[in-house]
$ cat protein-v1.cif   # mmCIF, C-alpha atoms
data_target
#
loop_
_atom_site.label_atom_id
_atom_site.label_comp_id
_atom_site.auth_asym_id
_atom_site.auth_seq_id
_atom_site.Cartn_x
_atom_site.Cartn_y
_atom_site.Cartn_z
CA MET A 1 -7.49 -14.92 229.73
CA ASN A 2 -5.10 -13.80 232.49
CA LYS A 3 -1.85 -15.58 233.20
CA LYS A 4 -2.18 -15.51 236.96
CA GLY A 5 -3.56 -13.44 239.81
CA LEU A 6 -2.39 -9.91 240.50
CA LEU A 7 -1.27 -8.37 243.78
CA PHE A 8 -2.51 -4.84 244.47
CA ILE A 9 -0.73 -3.00 247.28
CA VAL A 10 -2.58 0.03 248.65
CA SER A 11 -1.00 2.57 251.03
CA ALA A 12 -2.11 5.94 252.34
CA PRO A 13 -1.47 8.26 255.27
CA SER A 14 -3.95 7.83 258.12
CA GLY A 15 -7.08 9.86 257.33
CA ALA A 16 -6.89 9.48 253.55
CA GLY A 17 -9.79 7.01 253.56
CA LYS A 18 -7.83 3.90 252.57
CA THR A 19 -9.64 1.36 254.76
CA THR A 20 -13.11 2.33 253.50
CA LEU A 21 -11.91 2.46 249.89
CA CYS A 22 -10.29 -0.99 250.04
CA LYS A 23 -13.35 -2.50 251.70
CA GLU A 24 -15.70 -0.99 249.12
CA LEU A 25 -13.41 -2.04 246.29
CA ALA A 26 -13.19 -5.69 247.41
CA SER A 27 -16.97 -5.89 247.79
CA SER A 28 -17.76 -4.24 244.43
CA PRO A 29 -19.34 -6.76 242.01
CA ALA A 30 -18.02 -4.75 239.04
CA VAL A 31 -14.45 -5.38 240.16
CA GLY A 32 -14.84 -9.17 240.38
CA SER A 33 -12.66 -11.45 242.44
CA LEU A 34 -10.40 -9.31 244.60
CA ARG A 35 -9.60 -10.65 248.02
CA HIS A 36 -7.85 -9.52 251.17
CA SER A 37 -5.05 -11.90 252.10
CA VAL A 38 -5.01 -13.44 255.58
CA SER A 39 -1.87 -12.55 257.56
CA HIS A 40 0.18 -14.76 259.82
CA THR A 41 0.57 -13.49 263.39
CA THR A 42 2.24 -14.53 266.64
CA ARG A 43 -0.27 -12.70 268.81
CA GLY A 44 -2.87 -14.69 270.72
CA LYS A 45 -6.28 -15.41 269.28
CA ARG A 46 -9.00 -13.09 270.60
CA PRO A 47 -12.56 -14.19 271.28
CA GLY A 48 -14.47 -14.57 268.02
CA GLU A 49 -11.37 -14.70 265.82
CA MET A 50 -11.14 -17.67 263.47
CA GLU A 51 -7.97 -19.41 262.29
CA GLY A 52 -7.51 -18.83 258.56
CA GLU A 53 -10.21 -16.20 258.46
CA HIS A 54 -8.89 -13.35 260.61
CA TYR A 55 -5.30 -14.59 260.87
CA TYR A 56 -3.16 -17.67 260.69
CA PHE A 57 -2.12 -17.93 264.35
CA VAL A 58 1.41 -19.30 264.64
CA SER A 59 4.16 -19.62 267.26
CA GLU A 60 7.24 -17.38 267.16
CA ASP A 61 9.31 -20.38 266.07
CA LYS A 62 6.97 -21.18 263.19
CA PHE A 63 6.90 -17.49 262.17
CA ALA A 64 10.70 -17.34 262.23
CA ALA A 65 10.94 -20.52 260.14
CA ILE A 66 8.66 -19.09 257.43
CA ARG A 67 10.46 -15.75 257.55
CA ASP A 68 13.94 -17.27 257.38
CA SER A 69 13.02 -19.36 254.34
CA GLY A 70 11.86 -16.20 252.55
CA GLY A 71 8.22 -17.19 252.89
CA PHE A 72 6.94 -13.69 253.68
CA VAL A 73 6.62 -10.92 251.10
CA GLU A 74 6.57 -8.54 254.07
CA TRP A 75 6.52 -8.79 257.84
CA ALA A 76 6.65 -6.38 260.76
CA LYS A 77 6.71 -6.28 264.55
CA VAL A 78 3.86 -4.26 266.08
CA HIS A 79 3.53 -3.86 269.86
CA GLY A 80 5.75 -6.91 270.34
CA ASN A 81 3.79 -9.20 268.02
CA LEU A 82 4.88 -10.36 264.57
CA TYR A 83 2.66 -10.03 261.51
CA GLY A 84 3.42 -11.19 257.98
CA THR A 85 1.95 -11.80 254.53
CA SER A 86 3.06 -15.18 253.20
CA ARG A 87 3.75 -16.05 249.58
CA ALA A 88 1.80 -19.27 250.15
CA GLU A 89 -1.31 -17.25 251.06
CA LEU A 90 -1.01 -15.15 247.89
CA GLU A 91 -0.50 -18.29 245.77
CA ARG A 92 -3.53 -19.89 247.41
CA ILE A 93 -5.74 -16.96 246.32
CA PHE A 94 -4.18 -16.83 242.84
CA ALA A 95 -4.77 -20.59 242.45
CA GLY A 96 -8.46 -19.94 243.11
CA GLY A 97 -8.54 -17.43 240.26
CA GLY A 98 -8.58 -14.36 242.48
CA ASP A 99 -6.51 -11.20 242.73
CA VAL A 100 -5.23 -9.91 246.09
CA ILE A 101 -5.54 -6.50 247.69
CA LEU A 102 -3.02 -5.73 250.41
CA ASP A 103 -3.80 -2.71 252.58
CA ILE A 104 -0.43 -1.82 254.08
CA ASP A 105 1.75 1.10 255.23
CA THR A 106 4.61 2.57 253.19
CA GLN A 107 7.26 0.58 255.08
CA GLY A 108 5.40 -2.67 254.38
CA ALA A 109 4.96 -1.68 250.73
CA ALA A 110 8.71 -1.04 250.49
CA LYS A 111 9.33 -4.56 251.79
CA VAL A 112 6.96 -6.05 249.19
CA ARG A 113 8.88 -4.13 246.50
CA GLU A 114 12.16 -5.52 247.84
CA SER A 115 10.76 -9.06 248.00
CA GLY A 116 10.68 -9.14 244.19
CA THR A 117 7.25 -10.73 244.20
CA GLY A 118 5.88 -8.05 241.90
CA GLY A 119 2.65 -6.17 242.31
CA VAL A 120 0.76 -3.02 241.48
CA PHE A 121 1.51 -0.25 243.99
CA ILE A 122 -1.20 2.34 244.61
CA PHE A 123 -0.89 5.38 246.86
CA ILE A 124 -3.95 7.25 248.09
CA LEU A 125 -3.56 10.91 248.97
CA PRO A 126 -5.91 13.21 250.81
CA PRO A 127 -6.73 16.33 248.74
CA SER A 128 -4.42 18.50 250.88
CA MET A 129 -2.69 18.68 254.27
CA GLN A 130 -5.39 21.13 255.41
CA GLU A 131 -8.11 18.63 254.53
CA LEU A 132 -6.21 15.77 256.20
CA GLU A 133 -5.89 17.83 259.41
CA LYS A 134 -9.60 18.66 259.23
CA ARG A 135 -10.49 14.98 258.87
CA LEU A 136 -8.26 13.92 261.76
CA ARG A 137 -9.73 16.65 263.99
CA SER A 138 -13.32 15.82 263.06
CA ARG A 139 -12.86 12.32 264.50
CA ASN A 140 -12.77 13.92 267.96
CA SER A 141 -10.98 10.83 269.20
CA ASP A 142 -7.39 12.04 269.32
CA ASP A 143 -5.79 14.68 271.52
CA GLU A 144 -3.69 17.50 270.07
CA ASP A 145 -0.41 15.58 270.51
CA GLU A 146 -1.79 12.55 268.73
CA ILE A 147 -3.08 14.70 265.85
CA ARG A 148 0.36 16.33 265.54
CA ARG A 149 2.02 12.90 265.53
CA ARG A 150 -0.37 11.61 262.84
CA LEU A 151 0.21 14.68 260.67
CA ALA A 152 3.99 14.39 261.01
CA ARG A 153 3.76 10.71 260.12
CA ALA A 154 1.51 11.55 257.14
CA VAL A 155 4.20 13.87 255.77
CA GLU A 156 6.79 11.09 256.10
CA GLU A 157 4.50 8.63 254.32
CA ILE A 158 3.62 11.08 251.53
CA LYS A 159 7.36 11.47 250.85
CA SER A 160 7.28 7.84 249.65
CA PHE A 161 4.85 8.56 246.80
CA GLY A 162 7.57 8.02 244.19
CA MET A 163 7.69 4.30 245.08
CA TYR A 164 4.13 3.76 243.83
CA ASP A 165 2.81 3.03 240.34
CA TYR A 166 -0.43 4.99 240.73
CA ILE A 167 -1.43 8.08 242.70
CA ILE A 168 -5.10 8.52 243.57
CA VAL A 169 -6.41 11.61 245.33
CA ASN A 170 -9.36 10.95 247.61
CA ASP A 171 -11.17 14.24 247.20
CA ASN A 172 -14.48 12.51 246.56
CA MET A 173 -14.98 8.95 247.83
CA LEU A 174 -16.98 7.70 244.82
CA LYS A 175 -14.52 9.20 242.34
CA ALA A 176 -11.54 7.73 244.22
CA LEU A 177 -13.26 4.34 244.35
CA ASP A 178 -13.96 4.52 240.60
CA GLU A 179 -10.30 5.32 239.93
CA LEU A 180 -9.11 2.52 242.21
CA ALA A 181 -11.43 0.09 240.39
CA ALA A 182 -10.12 1.45 237.08
CA VAL A 183 -6.55 0.61 238.08
CA VAL A 184 -7.59 -2.97 238.94
CA LYS A 185 -9.51 -3.45 235.69
CA ALA A 186 -6.80 -1.83 233.54
CA GLU A 187 -4.00 -3.89 235.09
CA ARG A 188 -5.92 -7.07 234.27
CA ARG A 189 -5.96 -6.02 230.61
CA LYS A 190 -2.23 -5.22 230.44
CA LEU A 191 -0.39 -7.16 227.76
CA GLN A 192 2.04 -8.71 230.24
CA ASN A 193 -0.82 -9.97 232.41
CA VAL A 194 -2.76 -11.55 229.56
CA ASP A 195 -1.98 -15.15 228.64
CA PRO A 196 -0.61 -14.97 225.06
CA GLU A 197 -1.67 -18.59 224.52
CA TRP A 198 -5.27 -17.51 224.98
CA ILE A 199 -4.85 -15.26 221.94
CA THR A 200 -2.81 -17.60 219.79
CA LYS A 201 -5.19 -20.52 220.39
CA ASN A 202 -8.38 -18.50 220.03
CA PHE A 203 -7.36 -16.84 216.78
CA GLY A 204 -4.96 -19.36 215.28
CA VAL A 205 -2.19 -16.76 215.03
CA MET B 206 -2.62 17.21 238.68
CA ASN B 207 -1.45 15.71 235.37
CA LYS B 208 1.74 16.80 233.66
CA LYS B 209 0.28 16.92 230.17
CA GLY B 210 -2.30 15.27 227.95
CA LEU B 211 -2.16 11.60 227.05
CA LEU B 212 -2.43 9.97 223.64
CA PHE B 213 -4.52 6.80 223.47
CA ILE B 214 -4.10 4.71 220.31
CA VAL B 215 -6.86 2.18 219.67
CA SER B 216 -6.65 -0.55 217.02
CA ALA B 217 -8.77 -3.58 216.22
CA PRO B 218 -9.55 -5.89 213.33
CA SER B 219 -12.62 -4.88 211.32
CA GLY B 220 -15.74 -6.23 213.07
CA ALA B 221 -14.34 -6.01 216.63
CA GLY B 222 -16.51 -2.98 217.39
CA LYS B 223 -13.75 -0.37 217.65
CA THR B 224 -15.56 2.55 216.01
CA THR B 225 -18.61 2.28 218.28
CA LEU B 226 -16.44 1.79 221.38
CA CYS B 227 -14.25 4.83 220.62
CA LYS B 228 -17.28 7.01 219.91
CA GLU B 229 -19.02 5.94 223.14
CA LEU B 230 -15.80 6.41 225.10
CA ALA B 231 -15.18 9.95 223.86
CA SER B 232 -18.76 10.95 224.62
CA SER B 233 -18.84 9.40 228.10
CA PRO B 234 -19.06 12.12 230.81
CA ALA B 235 -17.35 9.78 233.31
CA VAL B 236 -14.24 9.69 231.16
CA GLY B 237 -13.86 13.48 230.92
CA SER B 238 -12.00 15.33 228.23
CA LEU B 239 -10.98 12.81 225.56
CA ARG B 240 -10.97 14.07 222.00
CA HIS B 241 -10.52 12.70 218.51
CA SER B 242 -7.71 14.48 216.71
CA VAL B 243 -8.40 16.07 213.33
CA SER B 244 -6.27 14.61 210.52
CA HIS B 245 -4.57 16.40 207.65
CA THR B 246 -5.54 15.18 204.19
CA THR B 247 -4.74 15.95 200.56
CA ARG B 248 -8.12 14.76 199.31
CA GLY B 249 -10.70 17.28 198.18
CA LYS B 250 -13.28 18.67 200.57
CA ARG B 251 -16.69 17.00 200.21
CA PRO B 252 -20.00 18.85 200.58
CA GLY B 253 -20.71 19.52 204.26
CA GLU B 254 -17.12 18.95 205.41
CA MET B 255 -15.58 21.74 207.48
CA GLU B 256 -11.92 22.74 207.58
CA GLY B 257 -10.49 21.98 211.04
CA GLU B 258 -13.53 19.95 212.02
CA HIS B 259 -13.54 16.94 209.69
CA TYR B 260 -10.01 17.43 208.32
CA TYR B 261 -7.32 19.99 207.75
CA PHE B 262 -7.41 20.12 203.94
CA VAL B 263 -3.92 20.72 202.55
CA SER B 264 -2.08 20.53 199.21
CA GLU B 265 0.35 17.70 198.47
CA ASP B 266 3.25 20.16 198.77
CA LYS B 267 2.09 21.35 202.18
CA PHE B 268 1.56 17.75 203.32
CA ALA B 269 5.06 16.79 202.13
CA ALA B 270 6.57 19.78 203.93
CA ILE B 271 4.97 18.80 207.25
CA ARG B 272 5.92 15.14 206.73
CA ASP B 273 9.53 15.90 205.79
CA SER B 274 10.01 18.07 208.86
CA GLY B 275 8.79 15.16 211.06
CA GLY B 276 5.50 16.90 211.78
CA PHE B 277 3.34 13.77 211.54
CA VAL B 278 3.26 11.05 214.20
CA GLU B 279 1.82 8.82 211.47
CA TRP B 280 0.70 9.19 207.87
CA ALA B 281 -0.57 6.89 205.14
CA LYS B 282 -1.67 6.90 201.50
CA VAL B 283 -5.20 5.56 200.98
CA HIS B 284 -6.72 5.34 197.47
CA GLY B 285 -4.18 7.87 196.24
CA ASN B 286 -4.83 10.45 198.98
CA LEU B 287 -2.54 11.26 201.89
CA TYR B 288 -3.75 11.31 205.49
CA GLY B 289 -1.74 12.19 208.59
CA THR B 290 -1.96 12.99 212.29
CA SER B 291 0.18 16.02 213.11
CA ARG B 292 2.10 16.60 216.32
CA ALA B 293 0.78 20.18 216.27
CA GLU B 294 -2.81 18.89 216.40
CA LEU B 295 -2.01 16.68 219.41
CA GLU B 296 -0.25 19.56 221.16
CA ARG B 297 -3.23 21.83 220.45
CA ILE B 298 -5.56 19.39 222.27
CA PHE B 299 -3.07 18.82 225.11
CA ALA B 300 -2.73 22.61 225.54
CA GLY B 301 -6.50 22.77 226.04
CA GLY B 302 -6.25 20.24 228.86
CA GLY B 303 -7.59 17.30 226.87
CA ASP B 304 -6.40 13.79 226.11
CA VAL B 305 -6.48 12.38 222.57
CA ILE B 306 -7.97 9.17 221.25
CA LEU B 307 -6.60 7.97 217.92
CA ASP B 308 -8.62 5.24 216.19
CA ILE B 309 -6.11 3.72 213.79
CA ASP B 310 -5.04 0.44 212.14
CA THR B 311 -2.07 -1.65 213.26
CA GLN B 312 0.24 -0.19 210.61
CA GLY B 313 -0.61 3.34 211.72
CA ALA B 314 -0.13 2.34 215.36
CA ALA B 315 3.31 0.93 214.50
CA LYS B 316 4.22 4.29 212.93
CA VAL B 317 3.12 6.16 216.07
CA ARG B 318 5.33 3.80 218.14
CA GLU B 319 8.26 4.52 215.82
CA SER B 320 7.64 8.28 215.97
CA GLY B 321 8.74 8.24 219.62
CA THR B 322 5.87 10.51 220.59
CA GLY B 323 4.72 8.10 223.28
CA GLY B 324 1.20 6.96 223.92
CA VAL B 325 -0.96 4.24 225.39
CA PHE B 326 -1.60 1.45 222.88
CA ILE B 327 -4.85 -0.49 223.18
CA PHE B 328 -5.87 -3.46 221.05
CA ILE B 329 -9.48 -4.61 220.86
CA LEU B 330 -10.14 -8.24 220.04
CA PRO B 331 -13.38 -9.95 219.07
CA PRO B 332 -14.16 -12.89 221.40
CA SER B 333 -13.11 -15.42 218.73
CA MET B 334 -12.56 -15.84 214.99
CA GLN B 335 -15.92 -17.64 214.80
CA GLU B 336 -17.66 -14.65 216.36
CA LEU B 337 -15.80 -12.21 214.11
CA GLU B 338 -16.90 -14.18 211.03
CA LYS B 339 -20.47 -14.22 212.33
CA ARG B 340 -20.43 -10.44 212.84
CA LEU B 341 -19.00 -9.79 209.38
CA ARG B 342 -21.62 -12.07 207.78
CA SER B 343 -24.50 -10.54 209.72
CA ARG B 344 -23.77 -7.18 208.12
CA ASN B 345 -25.05 -8.61 204.84
CA SER B 346 -23.10 -5.93 203.05
CA ASP B 347 -20.07 -7.87 201.87
CA ASP B 348 -19.83 -10.73 199.37
CA GLU B 349 -18.00 -13.96 200.20
CA ASP B 350 -14.70 -12.77 198.73
CA GLU B 351 -14.81 -9.57 200.75
CA ILE B 352 -15.58 -11.50 203.95
CA ARG B 353 -12.61 -13.82 203.25
CA ARG B 354 -10.36 -10.81 202.66
CA ARG B 355 -11.51 -9.15 205.88
CA LEU B 356 -10.95 -12.35 207.89
CA ALA B 357 -7.48 -12.83 206.41
CA ARG B 358 -6.66 -9.21 207.20
CA ALA B 359 -8.02 -9.66 210.75
CA VAL B 360 -5.60 -12.55 211.31
CA GLU B 361 -2.71 -10.36 210.14
CA GLU B 362 -3.78 -7.53 212.44
CA ILE B 363 -4.27 -9.81 215.45
CA LYS B 364 -0.67 -11.01 214.97
CA SER B 365 0.37 -7.48 216.01
CA PHE B 366 -1.18 -7.76 219.50
CA GLY B 367 2.27 -7.88 221.14
CA MET B 368 2.88 -4.24 220.14
CA TYR B 369 0.05 -3.02 222.37
CA ASP B 370 0.03 -2.13 226.08
CA TYR B 371 -3.51 -3.36 226.73
CA ILE B 372 -5.68 -6.11 225.26
CA ILE B 373 -9.46 -5.75 225.56
CA VAL B 374 -11.86 -8.45 224.38
CA ASN B 375 -15.14 -7.11 223.07
CA ASP B 376 -17.39 -9.96 224.12
CA ASN B 377 -19.93 -7.60 225.66
CA MET B 378 -20.03 -3.98 224.48
CA LEU B 379 -20.73 -2.42 227.91
CA LYS B 380 -18.01 -4.48 229.58
CA ALA B 381 -15.49 -3.62 226.85
CA LEU B 382 -16.42 0.06 227.13
CA ASP B 383 -15.97 -0.10 230.91
CA GLU B 384 -12.53 -1.66 230.48
CA LEU B 385 -11.54 0.91 227.86
CA ALA B 386 -12.64 3.71 230.21
CA ALA B 387 -10.70 1.99 233.02
CA VAL B 388 -7.50 2.12 230.96
CA VAL B 389 -7.98 5.85 230.32
CA LYS B 390 -8.69 6.61 234.00
CA ALA B 391 -5.86 4.41 235.28
CA GLU B 392 -3.28 5.88 232.90
CA ARG B 393 -4.17 9.37 234.14
CA ARG B 394 -3.31 8.23 237.68
CA LYS B 395 0.04 6.66 236.75
CA LEU B 396 2.95 8.09 238.69
CA GLN B 397 4.80 9.17 235.54
CA ASN B 398 1.74 11.08 234.30
CA VAL B 399 1.14 12.92 237.56
CA ASP B 400 2.89 16.24 238.08
CA PRO B 401 5.22 15.67 241.08
CA GLU B 402 5.13 19.42 241.80
CA TRP B 403 1.43 19.14 242.49
CA ILE B 404 2.25 16.74 245.33
CA THR B 405 5.30 18.53 246.70
CA LYS B 406 3.50 21.89 246.73
CA ASN B 407 0.23 20.56 248.11
CA PHE B 408 1.81 18.63 250.96
CA GLY B 409 5.01 20.53 251.58
CA VAL B 410 7.13 17.40 251.09
#
$ encode --input "protein-v1.cif" --output "structure tokens"
Amino acid sequence: MNKKGLLFIVSAPSGAGKTTLCKELASSPAVGSLRHSVSHTTRGKRPGEMEGEHYYFVSEDKFAAIRDSGGFVEWAKVHGNLYGTSRAELERIFAGGGDVILDIDTQGAAKVRESGTGGVFIFILPPSMQELEKRLRSRNSDDEDEIRRRLARAVEEIKSFGMYDYIIVNDNMLKALDELAAVVKAERRKLQNVDPEWITKNFGV
Amino acid sequence: MNKKGLLFIVSAPSGAGKTTLCKELASSPAVGSLRHSVSHTTRGKRPGEMEGEHYYFVSEDKFAAIRDSGGFVEWAKVHGNLYGTSRAELERIFAGGGDVILDIDTQGAAKVRESGTGGVFIFILPPSMQELEKRLRSRNSDDEDEIRRRLARAVEEIKSFGMYDYIIVNDNMLKALDELAAVVKAERRKLQNVDPEWITKNFGV
């Protein structure tokens, strides 16, 4: 009964639990068809990576051609390589009856907003800065400077919360996952996302 | 972390399963504090009815005074008696930290919209007219004329679907209940319903 697929954009500061939440969400049977989109990239293929599964591997020229024709809803340069989410990829998933989840940072989310493609913007917060610091420290993988950098970056990202449609606090993973799933289910039932013809035909009104 | 309580307005044609769904929703622990508001009425108290629990029993003069001062978000005359939902009752529940669920027909919902009080409007549909007719007939309580009247009224009510924010199809009771709960949970996480001070204080941003 839906008009077309929906795009869910999920951002969070590092340590808020976004990656786990998005993975759990996309694999939850109760949520139905929600898929991660495959990005385009100019970086080389690594052993074991599959074209169209991990990335669409393209040349810099090809990337630039897609970008210059407005074919990306967002793109970024990371460590010298280009990465982008193409409109064609989103349309491919929508055509198959699926919705898309895009796990992306606040700068990428801002670009999707600017692209005018529409979407549901969700921001995941840790319960507090103290808890975020505790989580980053408990990883034991970063030195003090790196932890400081991540915390400073988290503050910058949290300042962008006003750009999002929904704010979810990840105090408890199961509760946060339930709320994330609730946003997906509720958005699918929004009047503007329901095909009015489904109603008029089904009820003769 | 929410600014204030939310008002959820639920309408449906007779036979769509609204009453059961609203009752189950309000009693679901996963949904949290969601309460039915107590209406004002001018009809006489029946044996076993409690003031402030089943209704606020008021005189016609008192009812008119509240109504004329804009104290009702909606009111209606049914079989010669007046019934209304007061703003004071909603505020009383909000002050206690609860959200309100208002189970009301499309005309009442239209009045709440006009009152400017705000709210989340949810419409519950049966899966089809055929199924609705089947459900009404299986009750074995109405004669043919009454069934015809109910079906004709259902068509009129379904025509109002465009006034609602969410459309839920009650094909399967548990699925419809899950979607209704999803709308409640998602609305609580909407940016405009979250207290921005909670975020700025908690994260020093």
$ resolve_selection --input "protein-v1.cif" --expression "the PyMOL selection byres ((chain A) within 7 of (chain B))" --output "PyMOL selection string"
chain A and resi 128-129+155+159+164-168+179+182-183+185-186+189-191+202-203+205
$ resolve_selection --input "protein-v1.cif" --expression "the PyMOL selection byres ((chain A and resi 36) around 6)" --output "PyMOL selection string"
chain A and resi 35+37+100-101
$ residues_around --input "protein-v1.cif" --residues "A:Phe72" --least-positions-apart "3" --cutoff "12 Å" --atoms "all atoms listed in the file" --output "MDAnalysis selection string"
chainID A and resid 39:41 63:69 75:76 82:91 108 111:112 114:117
$ atom_distance --input "protein-v1.cif" --atom1 "atom CA of A:Gly97" --atom2 "atom CA of A:Gly32"
10.4 Å
$ atom_distance --input "protein-v1.cif" --atom1 "atom CA of A:Lys18" --atom2 "atom CA of A:Asp103"
7.7 Å
